[in-house]
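Here's the structure, in structure tokens; my notes come after.
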Amino acid sequence: MSPVILKNNLSEPNPDSHRPLPVAIQFSRFRGKDGVEEIQWMIRPTEYAHFDIQLKWVREAYEQAVQSMGLEMDSAVWRRFLCSDLINQEAALRGQSFSDPDVPNQNCAISWVRQVPAPPSKVTLWASHLRIPGEKLSKSYNNRTLSLKRKDLTHHWSTGITSPESVDSHAQTQGIFKKYGDFLKSEQMTLADHVVRTWFFVQNVDNNYAGMVDARNEVFEAEGLSADTHYIASTGIEGGYTDAPTNTLLDAYAIGGLKPEQIRYLHALKHLSPTHVYGVAFERATAIDYRDRTQIFISGTASIDDQGVTLHRGDIHRQLERTLENIEALLLEADATLDDMQVFIVYLRDPADEVVVRPEIARRFPELPFEIVTAPVCRPGWLIEIEGLAVIENDAQELPPF
């Protein structure tokens, strides 16, 4: 079976109305030679309404779109809800089983973060699904971690890890790593060998980012992650949670049974400096090789040069262009291109720049699922940051299947 890569936009009808749901749906789909499909969805309201109404629209459109592709809702492994005012929206999220991480018998990792989607959306859904021909997904869910067992590997998506009992972002980050470290130990995994992607959401990033970074650096040093070994693909960005005391929030993805030869770290040193040059510790991008595909996790990427200097200060057009150029350089190290991207999340410091950025990304990537949110980047001079996931074909029969 040849690999299949599909990206498209859907407008799903509402069976209970003559009027289509006011929702935009984008998806991408990759099917490798083994037949396993990965599907990324981006679903956002296109008309103003109260949050609970928009969330209902999103759920109905999502269910219809999944059904239209011949999938079951049980094929979901990940849902992130990008919300405009999470403290006031928690109750509505808990009122729907598809958006409540603590509902009994939950079978999907559920992530919440306050990052304001571009209007009129109050809530945008990013969802990931898997379809394995002739095989039911072997999933378990415990303490906000979805574990998916397949052959020799177990994939773990953990969400909503916080430590609000501590006061500042430094102490909270240490508490978060303690909790996550305990989980990894319980699964015979380590931070250095099995965690391939993290997201740190930092409330008031201009004030609290340094504390998160210092704590992460300390934990990494203790765990043997360094400039001489490797770090972890990551995004560290503005984001809030359901309560004011939470300064730092972690989502993470780890793979039990991962072999060292499956992992490659991408640097693009002619375009980007190593992150440790300016005191932070993360990989620009990480490629994970499987039998029939390679997944490429692109960390939060901004307009930066090979010396760590911010380029094109104050110019959103040129910063967008340089950011995409940097992502393309990272992809090329894995023999991929921007055409292989399956999803983008775009972070803007100034929401007014959305009117510039959205048309340009839609023009360049007309079928790519993406969303733009207001989320100041960790360095004030960076007006934009972009993260994403790419998938390409591989042929390595000695490696585990995805």
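FYI, nothing fancy with the structure tokens labels: chains A, B, ... in order, residues from 1 per chain, ligands from 1 as they appear.
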Filtered DSSP result for segment 272-352 of chain A, state helix (DSSP H, G or I), as a VMD selection string: chain A and resid 275 to 278 316 to 332 338 to 340 351 to 352
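The residue set within 10 Å of Arg216 of chain A, counting only C-alpha atoms and dropping same-chain residues fewer than 6 places from it, reads His170, Thr173, Gln174, Ile176, Phe177, Ala210, Ala222, Val280, Ala281 and Phe282 of chain A.
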Expected file contents, prior selection, all heavy atoms, as a compact mmCIF listing (two decimals), in the first residue's frame:
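Output (again_2.txt):
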```
# COMPACT_ATOMS: atom_id res chain seq x y z
N HIS A 170 9.06 28.86 39.11
CA HIS A 170 10.21 27.97 39.33
C HIS A 170 9.80 26.78 40.18
O HIS A 170 10.02 25.61 39.80
CB HIS A 170 11.35 28.75 39.99
CG HIS A 170 12.58 27.93 40.22
ND1 HIS A 170 12.75 27.12 41.32
CD2 HIS A 170 13.72 27.80 39.48
CE1 HIS A 170 13.93 26.52 41.25
NE2 HIS A 170 14.54 26.92 40.15
N THR A 173 7.23 24.51 38.41
CA THR A 173 7.84 23.66 37.38
C THR A 173 8.56 22.49 38.01
O THR A 173 8.49 21.35 37.50
CB THR A 173 8.79 24.49 36.49
OG1 THR A 173 8.07 25.58 35.91
CG2 THR A 173 9.38 23.63 35.38
N GLN A 174 9.25 22.72 39.10
CA GLN A 174 9.89 21.61 39.81
C GLN A 174 8.85 20.60 40.28
O GLN A 174 9.04 19.38 40.17
CB GLN A 174 10.69 22.13 41.00
CG GLN A 174 11.97 22.86 40.62
CD GLN A 174 12.75 23.31 41.84
OE1 GLN A 174 12.18 23.72 42.85
NE2 GLN A 174 14.08 23.22 41.76
N ILE A 176 5.91 20.08 38.96
CA ILE A 176 5.39 19.40 37.77
C ILE A 176 6.31 18.26 37.35
O ILE A 176 5.87 17.14 37.06
CB ILE A 176 5.19 20.41 36.63
CG1 ILE A 176 3.96 21.28 36.90
CG2 ILE A 176 5.06 19.71 35.27
CD1 ILE A 176 3.84 22.47 35.98
N PHE A 177 7.61 18.54 37.29
CA PHE A 177 8.56 17.49 36.90
C PHE A 177 8.57 16.35 37.91
O PHE A 177 8.78 15.19 37.54
CB PHE A 177 9.96 18.07 36.73
CG PHE A 177 10.23 18.59 35.34
CD1 PHE A 177 10.49 19.93 35.13
CD2 PHE A 177 10.24 17.75 34.25
CE1 PHE A 177 10.75 20.43 33.86
CE2 PHE A 177 10.49 18.22 32.97
CZ PHE A 177 10.75 19.56 32.77
N ALA A 210 11.18 32.89 32.86
CA ALA A 210 12.54 32.65 33.36
C ALA A 210 12.55 31.61 34.48
O ALA A 210 13.44 30.76 34.54
CB ALA A 210 13.16 33.96 33.84
N ALA A 222 20.11 17.28 36.14
CA ALA A 222 20.07 16.13 37.05
C ALA A 222 19.72 14.84 36.32
O ALA A 222 20.14 13.75 36.74
CB ALA A 222 19.05 16.40 38.16
N VAL A 280 18.33 28.33 27.23
CA VAL A 280 17.18 27.45 27.33
C VAL A 280 17.56 26.05 26.86
O VAL A 280 18.63 25.85 26.26
CB VAL A 280 15.98 27.98 26.52
CG1 VAL A 280 15.48 29.27 27.13
CG2 VAL A 280 16.34 28.20 25.06
N ALA A 281 16.68 25.09 27.14
CA ALA A 281 17.05 23.70 26.90
C ALA A 281 15.90 22.97 26.21
O ALA A 281 15.01 22.43 26.87
CB ALA A 281 17.39 23.02 28.23
N PHE A 282 15.90 22.98 24.89
CA PHE A 282 14.95 22.17 24.13
C PHE A 282 15.52 21.92 22.75
O PHE A 282 16.41 22.63 22.29
CB PHE A 282 13.56 22.84 24.05
CG PHE A 282 13.50 24.08 23.20
CD1 PHE A 282 13.15 24.01 21.85
CD2 PHE A 282 13.78 25.32 23.74
CE1 PHE A 282 13.08 25.16 21.07
CE2 PHE A 282 13.71 26.48 22.97
CZ PHE A 282 13.36 26.39 21.63
```
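Closest approach to Thr301 of chain A among A:Gly240, A:Gly224, A:Glu385, A:Pro351: A:Glu385, based on only C-alpha atoms.
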Who sits within 9 Å of Gly308 of chain A, only C-alpha atoms, same chain under 2 positions skipped, as a PyMOL selection string: chain A and resi 272-275+277-278+304-306+310
Residue nearest Glu221 of chain A among A:Leu191, A:Cys378, A:Arg264, A:Gly239 (counting only C-alpha atoms): A:Leu191
Contacts of segment 39-54 of chain A at 6 Å (only C-alpha atoms; same-chain gap of 6+ positions) as a PyMOL selection string: chain A and resi 22-29+92+120-121+124-129+369
Close residues, Val167 of chain A itself excluded, 12 Å, only C-alpha atoms, min 3 positions apart in chain, as a list of chain:residue names: A:Thr162, A:Ser163, A:Pro164, A:His170, A:Ala171, A:Gln172, A:Thr173, A:Gln174, A:Gly175, A:Asn208, A:Gly211, A:Ala244, A:Pro245, A:Thr246, A:Asn247, A:Thr248
Those selected residues, please, written with C-alpha atoms and delivered as a compact mmCIF listing (two decimals), in the first residue's frame.
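For reference, selection.txt as written:
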```txt
# COMPACT_ATOMS: atom_id res chain seq x y z
CA THR A 162 0.18 21.37 37.38
CA SER A 163 1.59 22.14 40.81
CA PRO A 164 -0.36 25.20 42.00
CA HIS A 170 10.21 27.97 39.33
CA ALA A 171 8.78 25.96 42.22
CA GLN A 172 5.69 24.99 40.22
CA THR A 173 7.84 23.66 37.38
CA GLN A 174 9.89 21.61 39.81
CA GLY A 175 6.66 20.21 41.24
CA ASN A 208 7.21 33.79 34.68
CA GLY A 211 11.49 30.69 36.45
CA ALA A 244 -5.27 31.99 38.69
CA PRO A 245 -2.56 30.39 40.91
CA THR A 246 -1.38 28.05 38.14
CA ASN A 247 1.64 29.76 36.59
CA THR A 248 2.92 26.72 34.70
```
Give me the residues within 12 Å of Asp335 of chain A as a compact mmCIF listing (two decimals) with N, CA and C atoms, in the first residue's frame, counting only C-alpha atoms and dropping any in the same chain fewer than 6 places off.
```
# COMPACT_ATOMS: atom_id res chain seq x y z
N LEU A 266 17.08 17.34 15.14
CA LEU A 266 17.31 18.20 13.98
C LEU A 266 17.71 19.59 14.45
N ALA A 287 12.82 13.92 15.09
CA ALA A 287 12.24 12.96 14.17
C ALA A 287 12.21 11.59 14.83
N THR A 294 8.01 8.40 9.30
CA THR A 294 8.76 9.22 10.24
C THR A 294 7.89 10.39 10.66
N GLN A 295 7.71 10.55 11.96
CA GLN A 295 7.03 11.72 12.49
C GLN A 295 8.08 12.77 12.87
N ILE A 296 7.80 14.01 12.52
CA ILE A 296 8.74 15.10 12.81
C ILE A 296 8.02 16.14 13.66
N GLU A 328 11.36 25.09 7.49
CA GLU A 328 11.73 24.35 6.28
C GLU A 328 13.14 23.80 6.39
N ALA A 329 14.06 24.56 6.97
CA ALA A 329 15.44 24.10 7.15
C ALA A 329 15.49 22.89 8.09
N ALA A 390 4.96 17.05 11.15
CA ALA A 390 5.07 16.55 9.77
C ALA A 390 5.18 15.03 9.81
N VAL A 391 4.73 14.37 8.75
CA VAL A 391 4.86 12.92 8.64
C VAL A 391 5.28 12.60 7.21
N ILE A 392 6.28 11.72 7.08
CA ILE A 392 6.74 11.29 5.76
C ILE A 392 6.88 9.77 5.73
N GLU A 393 6.97 9.24 4.53
CA GLU A 393 7.13 7.80 4.35
C GLU A 393 8.52 7.36 4.80
N ASN A 394 8.61 6.14 5.35
CA ASN A 394 9.88 5.51 5.70
C ASN A 394 9.81 4.06 5.31
```
Residue contacts of Ala362 of chain A (12 Å, only C-alpha atoms) excluding same-chain residues fewer than 5 positions away, as a list in words: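 Contacts, with the query itself left out: Asn8, Asn9, Gln26, Phe344, Glu354, Val355, Val356, Val357, Glu367, Leu368, Pro369, Phe370, Glu371 and Ile372 of chain A.
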Å distance separating atom CA of Leu332 of chain A from atom CA of His267 of chain A, one decimal place: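 Value for the atom CA of Leu332 of chain A-atom CA of His267 of chain A distance: 10.2 Å.
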Between atom CA of Pro104 of chain A and atom CA of Lys139 of chain A, distance in Å (one decimal): 14.2 Å
All strand (DSSP E or B) positions in segment 215-313 of chain A, as a ChimeraX atom specification: /A:233-238,240,248-256,263-266,283,285-289,293-301,304,310
Interatomic distance (Å, one decimal) between atom CA of Val123 of chain A and atom CA of Trp78 of chain A: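 So the answer is 15.8 Å.
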